[in-house]
Amino acid sequence: MKQGIAMSWIAAAAAAVTLVVAGCAQSPMRESGAGAYVVDAAWPKPLPNNWTLGQVAGIAVDARDHVWLIHRPKTLIEEEKGAALSPPRAKCCVAAPPVIEFDAEGNLLRAWGGPGQGYEWFENEHGIYVDGQANIWVGGNDPKDHQLLKFTPDGKFLMQIGRARQTGGSNSTTLLGRPAHMQIDAATNELYIADGYGNKRVIVLDATSGVYKRHWGAYGKAPSDEKLPMYNPQSPQFANPVHCVRLANDGLVYVCDRANNRVQVFKKDGTFVKQFVFEDKSLGSGSSFDLVFSNDAQQKYFYLADGTNDQVLTIERESGRVLSSFGRPGRYAGQFLVLHNIGIDSKGNLYTAEVGSGKRAQKFGPAD
């Protein structure tokens, strides 16, 4: 009898461990792309050179399924950068360069970035995007950071859009306002910017020249810099920050209005289509941090990074219905502390980045 009780306890414990490793996954349906995800606790592999990561403020996956991070070296506290102090207080560690490339297995491939000649680096790094020519776009969100930078994969500077310490408000056609995120529409060579932590809009520029094309605020209306209460899914304006802009295959533009707990959907000309509200009771930083689309041709789902509740939601794109979720606040593999950005590769693996005290990137594979 005691043996039977012991075996039952072991089975229950094993089931609990499986749940934790799966990131507290909930999978009410098993359709491909909408089920549970399992964390790969061995990704990425340890960094060389005594390097360590600060807050990981952006993540992107390129056409080769390589994963690019931008992190914030200045966010390391003394206990994390003992070897960099003068005199050193410990054998480890020093800050890694701010831009890092990994392969799908988590091997380090390249690392570069920081101040250099011909461009203005950021006070606080934020956002990364890889375009169709494998060029790397990065941004910052400090009150002084009003610029985007473009580099080759090896870190050679190519272009700057906007100027540090110069901003002109949400209806400026020449200056940005703490831009959070960016994506290029290859068909039209247009750069869409979630602009951002200072401004309250999406702005579209020519991706080659940086020349202004158009901009819009919430519901496709002209934006205003009037300060309105946050956490209002019916607000006539975007709140700060306008945190992500993502282009779907069908030509729709998805915008993360983070602190209003919503995602608004537009046509490329700024015409409002619809909005979805998620975790509407969330305060703090709001729920709608970032999203990526599933990699089927129809992009039937999108995955929403919710950095206040520290979870990833799987959402039916047409209806906005939440199908499943995984994650919770915590320090164990599969949990999050300020989930900030999300990426997806060609195999459906999800990659997440954490700011706050999380300071890491994680990989999650479909459990199906």
# chains A, B, ... in the order shown; residues from 1 in each chain; ligands from 1

$ residues_around --residues "Tyr219 of chain A" --least-positions-apart "5" --cutoff "8 Å" --atoms "only C-alpha atoms" --output "JSON, numbers by chain"
{"A": [236, 237, 264, 271, 272]}

$ residues_around --residues "Phe238 of chain A" --least-positions-apart "6" --cutoff "12 Å" --atoms "only C-alpha atoms" --output "JSON list (two decimals) with C-alpha atoms, in the first residue's frame"
[["chain", "number", "residue", "atom", "x", "y", "z"],
["A", 170, "SER", "CA", 3.84, 63.40, -32.98],
["A", 194, "ALA", "CA", 6.40, 52.46, -33.92],
["A", 195, "ASP", "CA", 7.17, 55.97, -32.72],
["A", 196, "GLY", "CA", 7.04, 55.37, -29.77],
["A", 197, "TYR", "CA", 8.07, 56.29, -26.21],
["A", 198, "GLY", "CA", 7.94, 60.02, -26.92],
["A", 199, "ASN", "CA", 5.57, 60.28, -29.88],
["A", 200, "LYS", "CA", 2.20, 58.52, -30.23],
["A", 201, "ARG", "CA", 2.07, 57.29, -33.79],
["A", 202, "VAL", "CA", 3.13, 55.03, -36.60],
["A", 216, "TRP", "CA", -1.18, 58.20, -38.11],
["A", 217, "GLY", "CA", -2.31, 57.75, -34.54],
["A", 218, "ALA", "CA", -4.96, 55.60, -32.85],
["A", 219, "TYR", "CA", -7.95, 54.69, -35.05],
["A", 220, "GLY", "CA", -6.07, 56.14, -38.03],
["A", 221, "LYS", "CA", -6.60, 59.71, -36.83],
["A", 222, "ALA", "CA", -4.04, 62.48, -36.52],
["A", 223, "PRO", "CA", -2.05, 61.90, -33.32],
["A", 224, "SER", "CA", -1.96, 64.32, -30.41],
["A", 225, "ASP", "CA", 0.64, 64.76, -27.70],
["A", 226, "GLU", "CA", -2.03, 65.49, -25.09],
["A", 227, "LYS", "CA", -1.51, 63.28, -22.06],
["A", 228, "LEU", "CA", -4.51, 61.03, -21.48],
["A", 229, "PRO", "CA", -5.04, 58.36, -18.80],
["A", 230, "MET", "CA", -3.51, 54.96, -19.59],
["A", 231, "TYR", "CA", -5.17, 51.53, -19.43],
["A", 232, "ASN", "CA", -8.13, 52.68, -21.53],
["A", 244, "CYS", "CA", 5.49, 47.46, -31.88],
["A", 255, "VAL", "CA", 0.32, 48.07, -33.74],
["A", 256, "CYS", "CA", 0.95, 47.38, -30.03],
["A", 257, "ASP", "CA", -0.63, 50.12, -27.90],
["A", 258, "ARG", "CA", 1.01, 48.68, -24.83],
["A", 259, "ALA", "CA", -0.34, 50.75, -21.95],
["A", 260, "ASN", "CA", -3.91, 50.71, -23.34],
["A", 261, "ASN", "CA", -3.87, 46.88, -23.34],
["A", 262, "ARG", "CA", -4.76, 46.63, -27.00],
["A", 263, "VAL", "CA", -3.57, 45.86, -30.51],
["A", 264, "GLN", "CA", -4.96, 48.01, -33.31]]

$ closest_residue --among "A:His126, A:Lys268, A:Arg110, A:Lys274" --to "Ile184 of chain A" --atoms "only C-alpha atoms"
A:Lys268

$ atom_distance --atom1 "atom CA of Trp121 of chain A" --atom2 "atom CA of Asn107 of chain A"
26.2 Å

$ closest_residue --among "A:Phe302, A:His340, A:His66, A:Lys359" --to "Leu323 of chain A" --atoms "only C-alpha atoms"
A:Phe302

$ residues_around --residues "Asn50 of chain A" --least-positions-apart "5" --cutoff "8 Å" --atoms "only C-alpha atoms" --output "VMD selection string"
chain A and resid 92 to 94

$ write_last_selection --atoms "N, CA, C and O atoms" --output "PDB file, in the first residue's frame"
ATOM      1  N   CYS A  92      34.675  37.379 -12.888  1.00  0.00           N
ATOM      2  CA  CYS A  92      33.655  37.544 -13.912  1.00  0.00           C
ATOM      3  C   CYS A  92      32.682  38.621 -13.443  1.00  0.00           C
ATOM      4  O   CYS A  92      32.466  38.768 -12.240  1.00  0.00           O
ATOM      5  N   CYS A  93      32.145  39.429 -14.290  1.00  0.00           N
ATOM      6  CA  CYS A  93      32.018  39.319 -15.746  1.00  0.00           C
ATOM      7  C   CYS A  93      32.202  40.712 -16.337  1.00  0.00           C
ATOM      8  O   CYS A  93      32.369  41.688 -15.612  1.00  0.00           O
ATOM      9  N   VAL A  94      32.108  40.810 -17.659  1.00  0.00           N
ATOM     10  CA  VAL A  94      32.087  42.098 -18.350  1.00  0.00           C
ATOM     11  C   VAL A  94      30.903  42.081 -19.313  1.00  0.00           C
ATOM     12  O   VAL A  94      30.416  41.025 -19.714  1.00  0.00           O
TER      13      VAL A  94
END

$ atom_distance --atom1 "atom CA of Asp250 of chain A" --atom2 "atom CA of Ile315 of chain A"
16.8 Å

$ atom_distance --atom1 "atom CA of Asn189 of chain A" --atom2 "atom CA of Leu350 of chain A"
26.8 Å

$ closest_residue --among "A:Ala297, A:Ile70, A:Val61, A:Leu337" --to "Gly113 of chain A" --atoms "only C-alpha atoms"
A:Ile70

$ residues_around --residues "Glu101 of chain A" --least-positions-apart "6" --cutoff "12 Å" --atoms "only C-alpha atoms" --output "PyMOL selection string"
chain A and resi 44-45+47+58-62+64-71+107-113+128+130+134+136+153-155+361

$ decode --residues "segment 288-325 of chain A" --atoms "N, CA and C atoms" --output "mmCIF file, in the first residue's frame"
data_model
loop_
_atom_site.group_PDB
_atom_site.id
_atom_site.type_symbol
_atom_site.label_atom_id
_atom_site.label_comp_id
_atom_site.auth_asym_id
_atom_site.auth_seq_id
_atom_site.Cartn_x
_atom_site.Cartn_y
_atom_site.Cartn_z
ATOM 1 N N SER A 288 0.236 44.694 -24.018
ATOM 2 C CA SER A 288 0.539 44.431 -25.435
ATOM 3 C C SER A 288 1.930 44.941 -25.789
ATOM 4 N N PHE A 289 2.944 44.139 -25.473
ATOM 5 C CA PHE A 289 4.328 44.551 -25.671
ATOM 6 C C PHE A 289 4.804 44.322 -27.108
ATOM 7 N N ASP A 290 4.546 43.142 -27.650
ATOM 8 C CA ASP A 290 5.077 42.792 -28.966
ATOM 9 C C ASP A 290 4.283 41.610 -29.487
ATOM 10 N N LEU A 291 4.353 41.382 -30.803
ATOM 11 C CA LEU A 291 3.694 40.212 -31.370
ATOM 12 C C LEU A 291 4.430 39.761 -32.614
ATOM 13 N N VAL A 292 4.279 38.473 -32.925
ATOM 14 C CA VAL A 292 4.735 37.906 -34.189
ATOM 15 C C VAL A 292 3.649 36.982 -34.713
ATOM 16 N N PHE A 293 3.655 36.786 -36.023
ATOM 17 C CA PHE A 293 2.653 35.946 -36.666
ATOM 18 C C PHE A 293 3.164 34.523 -36.830
ATOM 19 N N SER A 294 2.234 33.573 -36.811
ATOM 20 C CA SER A 294 2.606 32.188 -37.101
ATOM 21 C C SER A 294 3.129 32.104 -38.531
ATOM 22 N N ASN A 295 3.944 31.090 -38.810
ATOM 23 C CA ASN A 295 4.627 31.049 -40.106
ATOM 24 C C ASN A 295 3.936 30.207 -41.164
ATOM 25 N N ASP A 296 2.660 29.863 -40.960
ATOM 26 C CA ASP A 296 1.880 29.310 -42.063
ATOM 27 C C ASP A 296 1.544 30.449 -43.032
ATOM 28 N N ALA A 297 1.201 30.099 -44.271
ATOM 29 C CA ALA A 297 0.989 31.104 -45.309
ATOM 30 C C ALA A 297 -0.115 32.091 -44.947
ATOM 31 N N GLN A 298 -1.157 31.598 -44.275
ATOM 32 C CA GLN A 298 -2.280 32.459 -43.911
ATOM 33 C C GLN A 298 -2.032 33.217 -42.608
ATOM 34 N N GLN A 299 -0.954 32.870 -41.909
ATOM 35 C CA GLN A 299 -0.674 33.477 -40.606
ATOM 36 C C GLN A 299 -1.943 33.471 -39.746
ATOM 37 N N LYS A 300 -2.417 32.270 -39.503
ATOM 38 C CA LYS A 300 -3.692 32.104 -38.810
ATOM 39 C C LYS A 300 -3.650 32.608 -37.375
ATOM 40 N N TYR A 301 -2.471 32.626 -36.770
ATOM 41 C CA TYR A 301 -2.335 33.018 -35.370
ATOM 42 C C TYR A 301 -1.326 34.142 -35.233
ATOM 43 N N PHE A 302 -1.394 34.846 -34.114
ATOM 44 C CA PHE A 302 -0.240 35.625 -33.695
ATOM 45 C C PHE A 302 0.018 35.358 -32.221
ATOM 46 N N TYR A 303 1.261 35.599 -31.838
ATOM 47 C CA TYR A 303 1.733 35.332 -30.482
ATOM 48 C C TYR A 303 2.051 36.681 -29.831
ATOM 49 N N LEU A 304 1.375 36.970 -28.737
ATOM 50 C CA LEU A 304 1.500 38.257 -28.074
ATOM 51 C C LEU A 304 2.375 38.125 -26.836
ATOM 52 N N ALA A 305 3.398 38.958 -26.754
ATOM 53 C CA ALA A 305 4.230 39.047 -25.558
ATOM 54 C C ALA A 305 3.600 40.038 -24.595
ATOM 55 N N ASP A 306 3.176 39.559 -23.439
ATOM 56 C CA ASP A 306 2.529 40.354 -22.403
ATOM 57 C C ASP A 306 3.516 40.495 -21.252
ATOM 58 N N GLY A 307 4.161 41.654 -21.160
ATOM 59 C CA GLY A 307 5.240 41.822 -20.200
ATOM 60 C C GLY A 307 4.822 42.219 -18.811
ATOM 61 N N THR A 308 3.551 42.531 -18.597
ATOM 62 C CA THR A 308 3.081 42.796 -17.242
ATOM 63 C C THR A 308 2.662 41.505 -16.558
ATOM 64 N N ASN A 309 1.948 40.653 -17.276
ATOM 65 C CA ASN A 309 1.552 39.347 -16.736
ATOM 66 C C ASN A 309 2.580 38.262 -17.033
ATOM 67 N N ASP A 310 3.639 38.619 -17.769
ATOM 68 C CA ASP A 310 4.742 37.713 -18.087
ATOM 69 C C ASP A 310 4.231 36.400 -18.668
ATOM 70 N N GLN A 311 3.567 36.533 -19.811
ATOM 71 C CA GLN A 311 3.027 35.376 -20.509
ATOM 72 C C GLN A 311 3.044 35.636 -22.011
ATOM 73 N N VAL A 312 2.996 34.545 -22.769
ATOM 74 C CA VAL A 312 2.813 34.601 -24.214
ATOM 75 C C VAL A 312 1.433 34.050 -24.525
ATOM 76 N N LEU A 313 0.628 34.821 -25.229
ATOM 77 C CA LEU A 313 -0.707 34.404 -25.630
ATOM 78 C C LEU A 313 -0.697 33.970 -27.091
ATOM 79 N N THR A 314 -1.345 32.848 -27.386
ATOM 80 C CA THR A 314 -1.586 32.428 -28.763
ATOM 81 C C THR A 314 -2.993 32.881 -29.138
ATOM 82 N N ILE A 315 -3.085 33.641 -30.225
ATOM 83 C CA ILE A 315 -4.324 34.333 -30.560
ATOM 84 C C ILE A 315 -4.730 34.013 -31.996
ATOM 85 N N GLU A 316 -5.988 33.710 -32.194
ATOM 86 C CA GLU A 316 -6.524 33.548 -33.544
ATOM 87 C C GLU A 316 -6.575 34.927 -34.194
ATOM 88 N N ARG A 317 -5.871 35.074 -35.321
ATOM 89 C CA ARG A 317 -5.667 36.416 -35.866
ATOM 90 C C ARG A 317 -6.959 37.058 -36.359
ATOM 91 N N GLU A 318 -7.846 36.291 -36.956
ATOM 92 C CA GLU A 318 -9.064 36.861 -37.509
ATOM 93 C C GLU A 318 -9.992 37.384 -36.417
ATOM 94 N N SER A 319 -10.147 36.608 -35.358
ATOM 95 C CA SER A 319 -11.130 36.950 -34.328
ATOM 96 C C SER A 319 -10.536 37.639 -33.111
ATOM 97 N N GLY A 320 -9.232 37.483 -32.889
ATOM 98 C CA GLY A 320 -8.627 37.982 -31.663
ATOM 99 C C GLY A 320 -8.864 37.104 -30.455
ATOM 100 N N ARG A 321 -9.379 35.895 -30.680
ATOM 101 C CA ARG A 321 -9.681 34.979 -29.581
ATOM 102 C C ARG A 321 -8.396 34.359 -29.036
ATOM 103 N N VAL A 322 -8.244 34.386 -27.713
ATOM 104 C CA VAL A 322 -7.075 33.776 -27.073
ATOM 105 C C VAL A 322 -7.303 32.273 -27.005
ATOM 106 N N LEU A 323 -6.357 31.512 -27.571
ATOM 107 C CA LEU A 323 -6.476 30.061 -27.639
ATOM 108 C C LEU A 323 -5.675 29.351 -26.568
ATOM 109 N N SER A 324 -4.545 29.898 -26.202
ATOM 110 C CA SER A 324 -3.706 29.267 -25.180
ATOM 111 C C SER A 324 -2.710 30.291 -24.670
ATOM 112 N N SER A 325 -1.996 29.922 -23.614
ATOM 113 C CA SER A 325 -0.978 30.808 -23.069
ATOM 114 C C SER A 325 0.078 29.981 -22.358
#
